[in-house]
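First the structure, in the form of C-alpha cells, and then the observations on it.
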Amino acid sequence: MQDQILIEMQGVQKWYGGYQAIRDVNLTVRKGEKIVLCGPSGSGKSTLIRCINRLEAIQQGSIVVNGHRLDDSIKAIDVVRQDVGMVFQSFNLFPHMTVLQNCMLAPIRARRIGKIEAEATARRYLERVRIGDQAEKYPAQLSGGQQQRVAIARALCMQPKVMLFDEPTSALDPEMVKEVLDTMIGLANDGMTMICVTHEMGFARQVADRVIFMAEGQIIEEGAPEAFFRNPQHARTRQFLGEILAHH
Amino acid sequence: MGYTLDFSVVWHAMPALLWGCVGTLGLALAGMTLAMVIGVVGVAARDSKAVWLRAIVIGFVEIVRNTPFLVQIFFLFFALPLIGLKLNPTATAIIALGVNGGAYAIEIIRGGVQSIHKGQVEAGYALGLHKGQVFRFIVLKPALRAIYPSLTGQFIMLTLTSSICSAVSAYELTSVAQRIESDTFRSFEVYFSVTFLYLAISWLLMLGFAVISHRFFSYPTR
C-alpha cells in the first residue's frame, strides 16, 4: 500500500522562548517515501524531524505518526518512538557497551524481546550494514563511518516504520561519507520510509522522492529532485543551492 | 622524660587490633553500600519532575554536608530513642556513615551525570526507552566512570571518618585502641600502631577500588 500516510504534520509551530523555530509547517509522508530536508543552518530542519519522535515538544498544530497522534501522554510518545528510528550527526553510540549490546538494549528493554531473538536480530542488521565482524568491539574502537553504520543498525533493530536521519554524514571525515551514504541508499532501495536532513545533494538526487527546502522555520519549497535542482522557484532556494553546490 | 617505648603491649593486643580493623572495614563497606544507594537514588530524585522531591534531596544534602559528623551520629544515637527509634551502636554507625557519605555521593555522582553528553540521553529516548531506563542503562555507568576517582576518594574519607563512631562505642579500630590505651596507658605505642593500621586499611581499599575499576570501567574511550 504505497498511499498509506505514515506521518502527518499540520500547522506545526514551535518556539524557544520568544524565538520561533518552526512556523506553520504542514508535511505529509507516505509509506516508502524518501524525503530530503535541506536548508541553511538554523532553518529548523533538525528541529522539525526531532518533533516527529518528540525529542522536541511543539506548541501548536498536530503530528500523527502511523495513526497515533502525538500528545503529552507518555503512552503516545512511547508508541511513536517505537515506530520511528533516528540516526544522529554525532552517532551517539553508548560507549560502555559493545556494538552488539548497543543493538540489543532497546529491543530487550523497550520491546521486551527475548535475549536470543534480540541477538539474532542485531547480528542480522549488523551484517546488513556490513559490520557483522565488529560486533564484539566497543564504539571507540571503530572509525566514524563504522560507528554511524552501527547507529543505523541499532535503530533498525527496533524495526521502525520510519527512519529519521539528522545530518548523518556531517561529522564524518570525507573518506567515510560514502560508506554511510551507501548504507542509506541500500535502506532506501529496500523500501524504508526515510526523512533525511542532509546537504549531500548527490544522495538527494539519487534516492529522494521529494526534496524540501526550509528557511527561517518554514518550508519554502518542495519538489522532485530533478525539478528542484534544475528549476528552483524561489530566490531563497536558488541562493542556497548556489552556495552549497559551489562547494561540490 | 624517662619514657621508654614498649611495643610489646601492642604486640599482645594485636589480635584485638586486627579484629578492630575488621570492624572498621565492615562499618566502612556497609556504609559505602548505603551511601551508594542513597547517592544513586538521590541523584535520580534530585532531577525528578516533582518539585517537593527535589527540595527534599537538596535540603538533605545541605543539612548533612554543613553539619559535623559527630553531631549527626549523636543525634541518631541519643535523640532518636526519645521518639522511640532505638538503634544499637553498629546500626547507628552504619546509618550515620551511609547517610553522611550518601549526601556527598549525591553531589559527586550528579557531577558525573551532568558530564554525560545530552546526545546519549536523546539516543535512548529515540530508541523508545523510558527516563528511568535511560538513567540506569545509558547514563549511570559512564557517569560513575567519570567521577570514579572523586567517589572512591570520598569513600576512603568515609572509612577514616568511621573512627568517630567510637563516640557511640561502635566496634571498630579506634574504640578497640581506646580500650587498650586505657588499660595499658601506652598512648604513643597504641596510636602510632593504629595510624599504620588505618594506612593499611586505606591501601587495601584503594587496591579493591582499582580491581573494580579494571573489571567494570575499563571499556575503551578515545
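Naming scheme: A, B, ... for chains in displayed order of the C-alpha cells; residues 1 onward per chain; ligands 1 onward as shown.
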
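Residues in contact with Val129 of chain A at up to 7 Å, not including ones fewer than 5 positions away on its chain and judged by only C-alpha atoms, are Arg149, Ala153 and Thr183 of chain A.
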
Residues of the last selection are to be written out with N, CA and C atoms, as a PDB file, in the first residue's frame.
ATOM      1  N   ARG A 149      27.360   3.461  10.900  1.00  0.00           N
ATOM      2  CA  ARG A 149      26.643   2.299  10.372  1.00  0.00           C
ATOM      3  C   ARG A 149      26.076   1.457  11.521  1.00  0.00           C
ATOM      4  N   ALA A 153      22.207   0.413  12.228  1.00  0.00           N
ATOM      5  CA  ALA A 153      21.769  -0.942  12.576  1.00  0.00           C
ATOM      6  C   ALA A 153      21.004  -0.928  13.899  1.00  0.00           C
ATOM      7  N   THR A 183      25.047   2.782   2.679  1.00  0.00           N
ATOM      8  CA  THR A 183      24.150   2.053   3.581  1.00  0.00           C
ATOM      9  C   THR A 183      22.740   2.641   3.521  1.00  0.00           C
TER      10      THR A 183
END

Q: For chain B, report every residue with an atom at most 7 Å from chain A (counting only C-alpha atoms), formatted as a VMD selection string.
A: chain B and resid 119 to 120 122 to 123 126 to 129 138 142 219 to 222

Go ahead and save the picked residues with N, CA and C atoms, as an mmCIF file, in the first residue's frame.
data_model
loop_
_atom_site.group_PDB
_atom_site.id
_atom_site.type_symbol
_atom_site.label_atom_id
_atom_site.label_comp_id
_atom_site.auth_asym_id
_atom_site.auth_seq_id
_atom_site.Cartn_x
_atom_site.Cartn_y
_atom_site.Cartn_z
ATOM 1 N N GLY B 119 23.308 13.996 23.876
ATOM 2 C CA GLY B 119 23.003 13.089 22.766
ATOM 3 C C GLY B 119 22.819 11.646 23.204
ATOM 4 N N GLN B 120 23.515 11.247 24.269
ATOM 5 C CA GLN B 120 23.370 9.887 24.802
ATOM 6 C C GLN B 120 21.947 9.665 25.293
ATOM 7 N N GLU B 122 19.293 11.453 24.452
ATOM 8 C CA GLU B 122 18.364 11.540 23.316
ATOM 9 C C GLU B 122 18.339 10.240 22.528
ATOM 10 N N ALA B 123 19.510 9.632 22.359
ATOM 11 C CA ALA B 123 19.560 8.361 21.628
ATOM 12 C C ALA B 123 18.720 7.324 22.360
ATOM 13 N N ALA B 126 15.082 8.165 21.782
ATOM 14 C CA ALA B 126 14.711 7.883 20.390
ATOM 15 C C ALA B 126 14.524 6.382 20.171
ATOM 16 N N LEU B 127 15.229 5.566 20.967
ATOM 17 C CA LEU B 127 15.092 4.115 20.845
ATOM 18 C C LEU B 127 13.876 3.586 21.618
ATOM 19 N N GLY B 128 13.151 4.490 22.264
ATOM 20 C CA GLY B 128 11.929 4.076 22.949
ATOM 21 C C GLY B 128 12.117 3.733 24.413
ATOM 22 N N LEU B 129 13.274 4.051 24.982
ATOM 23 C CA LEU B 129 13.493 3.771 26.405
ATOM 24 C C LEU B 129 12.884 4.880 27.257
ATOM 25 N N ILE B 138 22.068 3.719 30.396
ATOM 26 C CA ILE B 138 22.886 4.527 29.489
ATOM 27 C C ILE B 138 23.746 5.534 30.234
ATOM 28 N N PRO B 142 28.756 5.307 32.513
ATOM 29 C CA PRO B 142 29.742 6.323 32.121
ATOM 30 C C PRO B 142 29.856 7.454 33.142
ATOM 31 N N TYR B 219 36.306 -0.122 29.692
ATOM 32 C CA TYR B 219 35.987 -0.070 28.265
ATOM 33 C C TYR B 219 36.748 1.072 27.597
ATOM 34 N N PRO B 220 37.117 0.887 26.332
ATOM 35 C CA PRO B 220 37.942 1.913 25.692
ATOM 36 C C PRO B 220 37.156 3.173 25.367
ATOM 37 N N THR B 221 37.796 4.328 25.529
ATOM 38 C CA THR B 221 37.240 5.586 25.036
ATOM 39 C C THR B 221 38.346 6.245 24.247
ATOM 40 N N ARG B 222 37.971 7.226 23.443
ATOM 41 C CA ARG B 222 39.056 7.826 22.678
ATOM 42 C C ARG B 222 39.661 9.004 23.416
#

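Remark: for Gly102 of chain B, the closest of the candidate residues B:Val51, B:Gln154, B:Phe74, B:Asn66 is B:Gln154 (distances computed over only C-alpha atoms).
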
Q: Would you kindly return, as a list of chain:residue names, each protein, DNA or RNA residue with an atom no farther than 12 Å from any atom of Asp6 of chain B, considering only C-alpha atoms and excluding same-chain residues fewer than 3 positions away?
A: B:Tyr3, B:Val9, B:Val10, B:Trp11, B:His12, B:Thr184, B:Phe185, B:Arg186, B:Ser187, B:Phe188, B:Glu189, B:Val190, B:Phe192, B:Ser193

Q) Can you list, as a PyMOL selection string, every residue of segment 55-244 of chain A that DSSP puts in strand (DSSP E)? A) chain A and resi 60-65+68-69+84-87+162-166+193-197+210-215+218-223

If we count only C-alpha atoms, what is near segment 18-35 of chain B at a cut-off of 8 Å, once residues fewer than 2 positions away on the same chain are taken out, given as a short mmCIF file (atom, residue, chain, number, x, y, z; two decimals) with C-alpha atoms, in the first residue's frame?
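part05.cif, freshly written:
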data_model
loop_
_atom_site.label_atom_id
_atom_site.label_comp_id
_atom_site.auth_asym_id
_atom_site.auth_seq_id
_atom_site.Cartn_x
_atom_site.Cartn_y
_atom_site.Cartn_z
CA MET B 14 47.44 -7.30 68.02
CA PRO B 15 44.62 -9.85 67.69
CA ALA B 16 42.21 -7.36 69.25
CA VAL B 37 22.25 3.51 47.21
CA ILE B 38 21.44 6.93 48.66
CA GLY B 39 23.71 8.57 46.09
CA THR B 90 26.77 -0.77 64.96
CA ALA B 93 27.33 3.81 62.88
CA ILE B 94 26.37 2.23 59.54
CA ILE B 95 23.38 4.52 59.09
CA ALA B 96 25.34 7.60 60.09
CA LEU B 97 28.21 6.76 57.72
CA GLY B 98 25.83 5.82 54.91
CA VAL B 99 23.71 8.93 55.26
CA ASN B 100 26.73 11.20 55.54
CA GLY B 101 28.57 9.53 52.65
CA GLY B 102 25.35 9.45 50.65
CA ALA B 103 24.97 13.22 50.76
CA ALA B 105 27.90 10.86 46.86
CA PHE B 155 34.78 6.52 50.32
CA LEU B 158 34.14 7.71 54.90
CA THR B 159 36.31 4.83 56.11
CA SER B 162 34.30 5.71 60.90
CA SER B 163 36.81 6.27 63.73
CA TYR B 171 33.02 -1.85 67.42
CA GLU B 172 35.86 -0.59 65.23
CA LEU B 173 39.61 0.05 65.34
CA THR B 174 39.65 3.34 67.24
CA SER B 175 37.36 2.13 70.02
CA VAL B 176 39.47 -1.02 70.40
CA LEU B 197 46.73 0.06 60.57
CA TYR B 198 44.49 2.80 59.13
CA ILE B 201 43.14 -0.29 55.50
#

Q) What separation in Å, quoted to one decimal, exists between atom CA of Asp72 of chain A and atom CA of Thr193 of chain A? A) 24.9 Å

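Coordinates place atom CA of Ile7 of chain A at a distance of 5.6 Å from atom CA of Thr28 of chain A.
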
Q) When you draw a straight line from atom CA of Thr92 of chain B to atom CA of Phe77 of chain B, how long is it in Å? A) 6.3 Å

Q: Using only C-alpha atoms, pick whichever of B:Ile63, B:Met206, B:Ile116, B:Ala45 has the shortest atom-to-atom distance to Ile156 of chain B.
A: B:Met206

(Q) Write out as JSON, numbers by chain the set of residues from segment 14-211 of chain A that DSSP, computed on the backbone, places in alpha helix (DSSP H). (A) {"A": [45, 46, 47, 48, 49, 50, 51, 52, 74, 75, 76, 77, 78, 79, 80, 81, 82, 83, 99, 100, 101, 102, 103, 104, 105, 106, 107, 108, 109, 115, 116, 117, 118, 119, 120, 121, 122, 123, 124, 125, 126, 127, 128, 144, 145, 146, 147, 148, 149, 150, 151, 152, 153, 154, 155, 156, 174, 175, 176, 177, 178, 179, 180, 181, 182, 183, 184, 185, 186, 187, 188, 189, 201, 202, 203, 204, 205, 206, 207]}

Would you output that residue set with C-alpha atoms, as a short mmCIF file (atom, residue, chain, number, x, y, z; two decimals), in the first residue's frame?
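The resulting file, out_20.cif, is shown below:
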data_model
loop_
_atom_site.label_atom_id
_atom_site.label_comp_id
_atom_site.auth_asym_id
_atom_site.auth_seq_id
_atom_site.Cartn_x
_atom_site.Cartn_y
_atom_site.Cartn_z
CA LYS A 45 15.17 21.29 9.66
CA SER A 46 16.75 19.31 12.52
CA THR A 47 14.20 20.70 14.94
CA LEU A 48 11.40 19.60 12.62
CA ILE A 49 12.44 15.94 12.47
CA ARG A 50 13.15 15.96 16.23
CA CYS A 51 9.49 16.93 16.71
CA ILE A 52 8.42 13.73 14.93
CA ILE A 74 3.72 9.04 27.82
CA LYS A 75 1.82 6.27 26.08
CA ALA A 76 1.52 8.17 22.80
CA ILE A 77 5.18 9.15 22.93
CA ASP A 78 6.14 5.52 23.58
CA VAL A 79 4.13 4.16 20.70
CA VAL A 80 5.50 6.73 18.29
CA ARG A 81 9.12 6.27 19.36
CA GLN A 82 8.85 2.55 18.79
CA ASP A 83 7.79 3.25 15.21
CA VAL A 99 28.40 -2.89 19.26
CA LEU A 100 26.18 -5.92 19.81
CA GLN A 101 24.99 -4.68 23.22
CA ASN A 102 24.21 -1.27 21.69
CA CYS A 103 21.93 -3.03 19.23
CA MET A 104 20.27 -5.31 21.80
CA LEU A 105 19.49 -2.82 24.58
CA ALA A 106 16.33 -1.22 23.25
CA PRO A 107 14.74 -4.36 21.74
CA ILE A 108 15.17 -6.10 25.11
CA ARG A 109 14.18 -3.20 27.36
CA LYS A 115 17.79 -12.08 24.54
CA ILE A 116 18.33 -14.79 21.94
CA GLU A 117 15.96 -13.24 19.45
CA ALA A 118 17.39 -9.76 20.10
CA GLU A 119 20.90 -11.02 19.43
CA ALA A 120 19.85 -12.75 16.22
CA THR A 121 18.13 -9.58 15.02
CA ALA A 122 21.13 -7.45 15.99
CA ARG A 123 23.56 -9.71 14.12
CA ARG A 124 21.32 -9.72 11.07
CA TYR A 125 21.22 -5.91 10.88
CA LEU A 126 24.92 -5.60 11.64
CA GLU A 127 25.57 -7.91 8.67
CA ARG A 128 23.26 -5.78 6.59
CA GLY A 144 33.41 7.29 12.43
CA GLY A 145 31.86 5.68 9.37
CA GLN A 146 31.67 2.32 11.11
CA GLN A 147 30.13 3.92 14.17
CA GLN A 148 27.45 5.59 12.10
CA ARG A 149 26.64 2.30 10.37
CA VAL A 150 26.29 0.68 13.81
CA ALA A 151 23.96 3.53 14.78
CA ILE A 152 21.85 2.77 11.70
CA ALA A 153 21.77 -0.94 12.58
CA ARG A 154 20.86 -0.10 16.18
CA ALA A 155 17.88 1.95 15.03
CA LEU A 156 16.81 -0.78 12.58
CA PRO A 174 35.26 12.84 3.81
CA GLU A 175 36.51 9.35 3.01
CA MET A 176 33.86 7.81 5.26
CA VAL A 177 30.86 9.66 3.90
CA LYS A 178 30.36 7.23 1.04
CA GLU A 179 30.11 4.08 3.15
CA VAL A 180 27.35 5.66 5.23
CA LEU A 181 25.51 7.04 2.19
CA ASP A 182 25.75 3.61 0.51
CA THR A 183 24.15 2.05 3.58
CA MET A 184 21.36 4.63 3.45
CA ILE A 185 20.86 4.05 -0.27
CA GLY A 186 20.59 0.32 0.39
CA LEU A 187 17.96 1.02 3.02
CA ALA A 188 16.07 3.29 0.63
CA ASN A 189 16.15 0.62 -2.07
CA MET A 201 22.80 16.63 -2.85
CA GLY A 202 24.12 13.63 -4.78
CA PHE A 203 22.25 11.43 -2.32
CA ALA A 204 19.16 13.61 -2.73
CA ARG A 205 19.26 13.24 -6.50
CA GLN A 206 19.75 9.51 -6.29
CA VAL A 207 17.13 8.45 -3.73
#

Q | Polymer residues at most 6 Å from Asn26 of chain A, only C-alpha atoms, same-chain spacing of 6 or more positions, as a list of chain:residue names | A | A:Met9, A:Gln10, A:Gly11

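The smallest atom-to-atom distance between Arg65 of chain B and any of B:Gly84, B:Gly42, B:Arg136, B:Tyr104, using only C-alpha atoms, is found for B:Tyr104.
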
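Residues in contact with Gly61 of chain A at up to 12 Å, not including ones fewer than 6 positions away on its chain and judged by only C-alpha atoms, are A:Glu8, A:Met9, A:Gln10, A:Gly11, A:Val12, A:Gln13, A:Lys14, A:Ile22, A:Arg23, A:Asp24, A:Val25, A:Asn26, A:Leu27, A:Cys51, A:Arg69, A:Leu70, A:Asp71.
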
Q | Spatial neighbours of Ala143 of chain B, max dist 12 Å, only C-alpha atoms, sep filter under 6 positions, as a VMD selection string | A | (chain A and resid 94 to 96) or (chain B and resid 40 43 108 to 117 120 135 to 137 149 to 151 217)
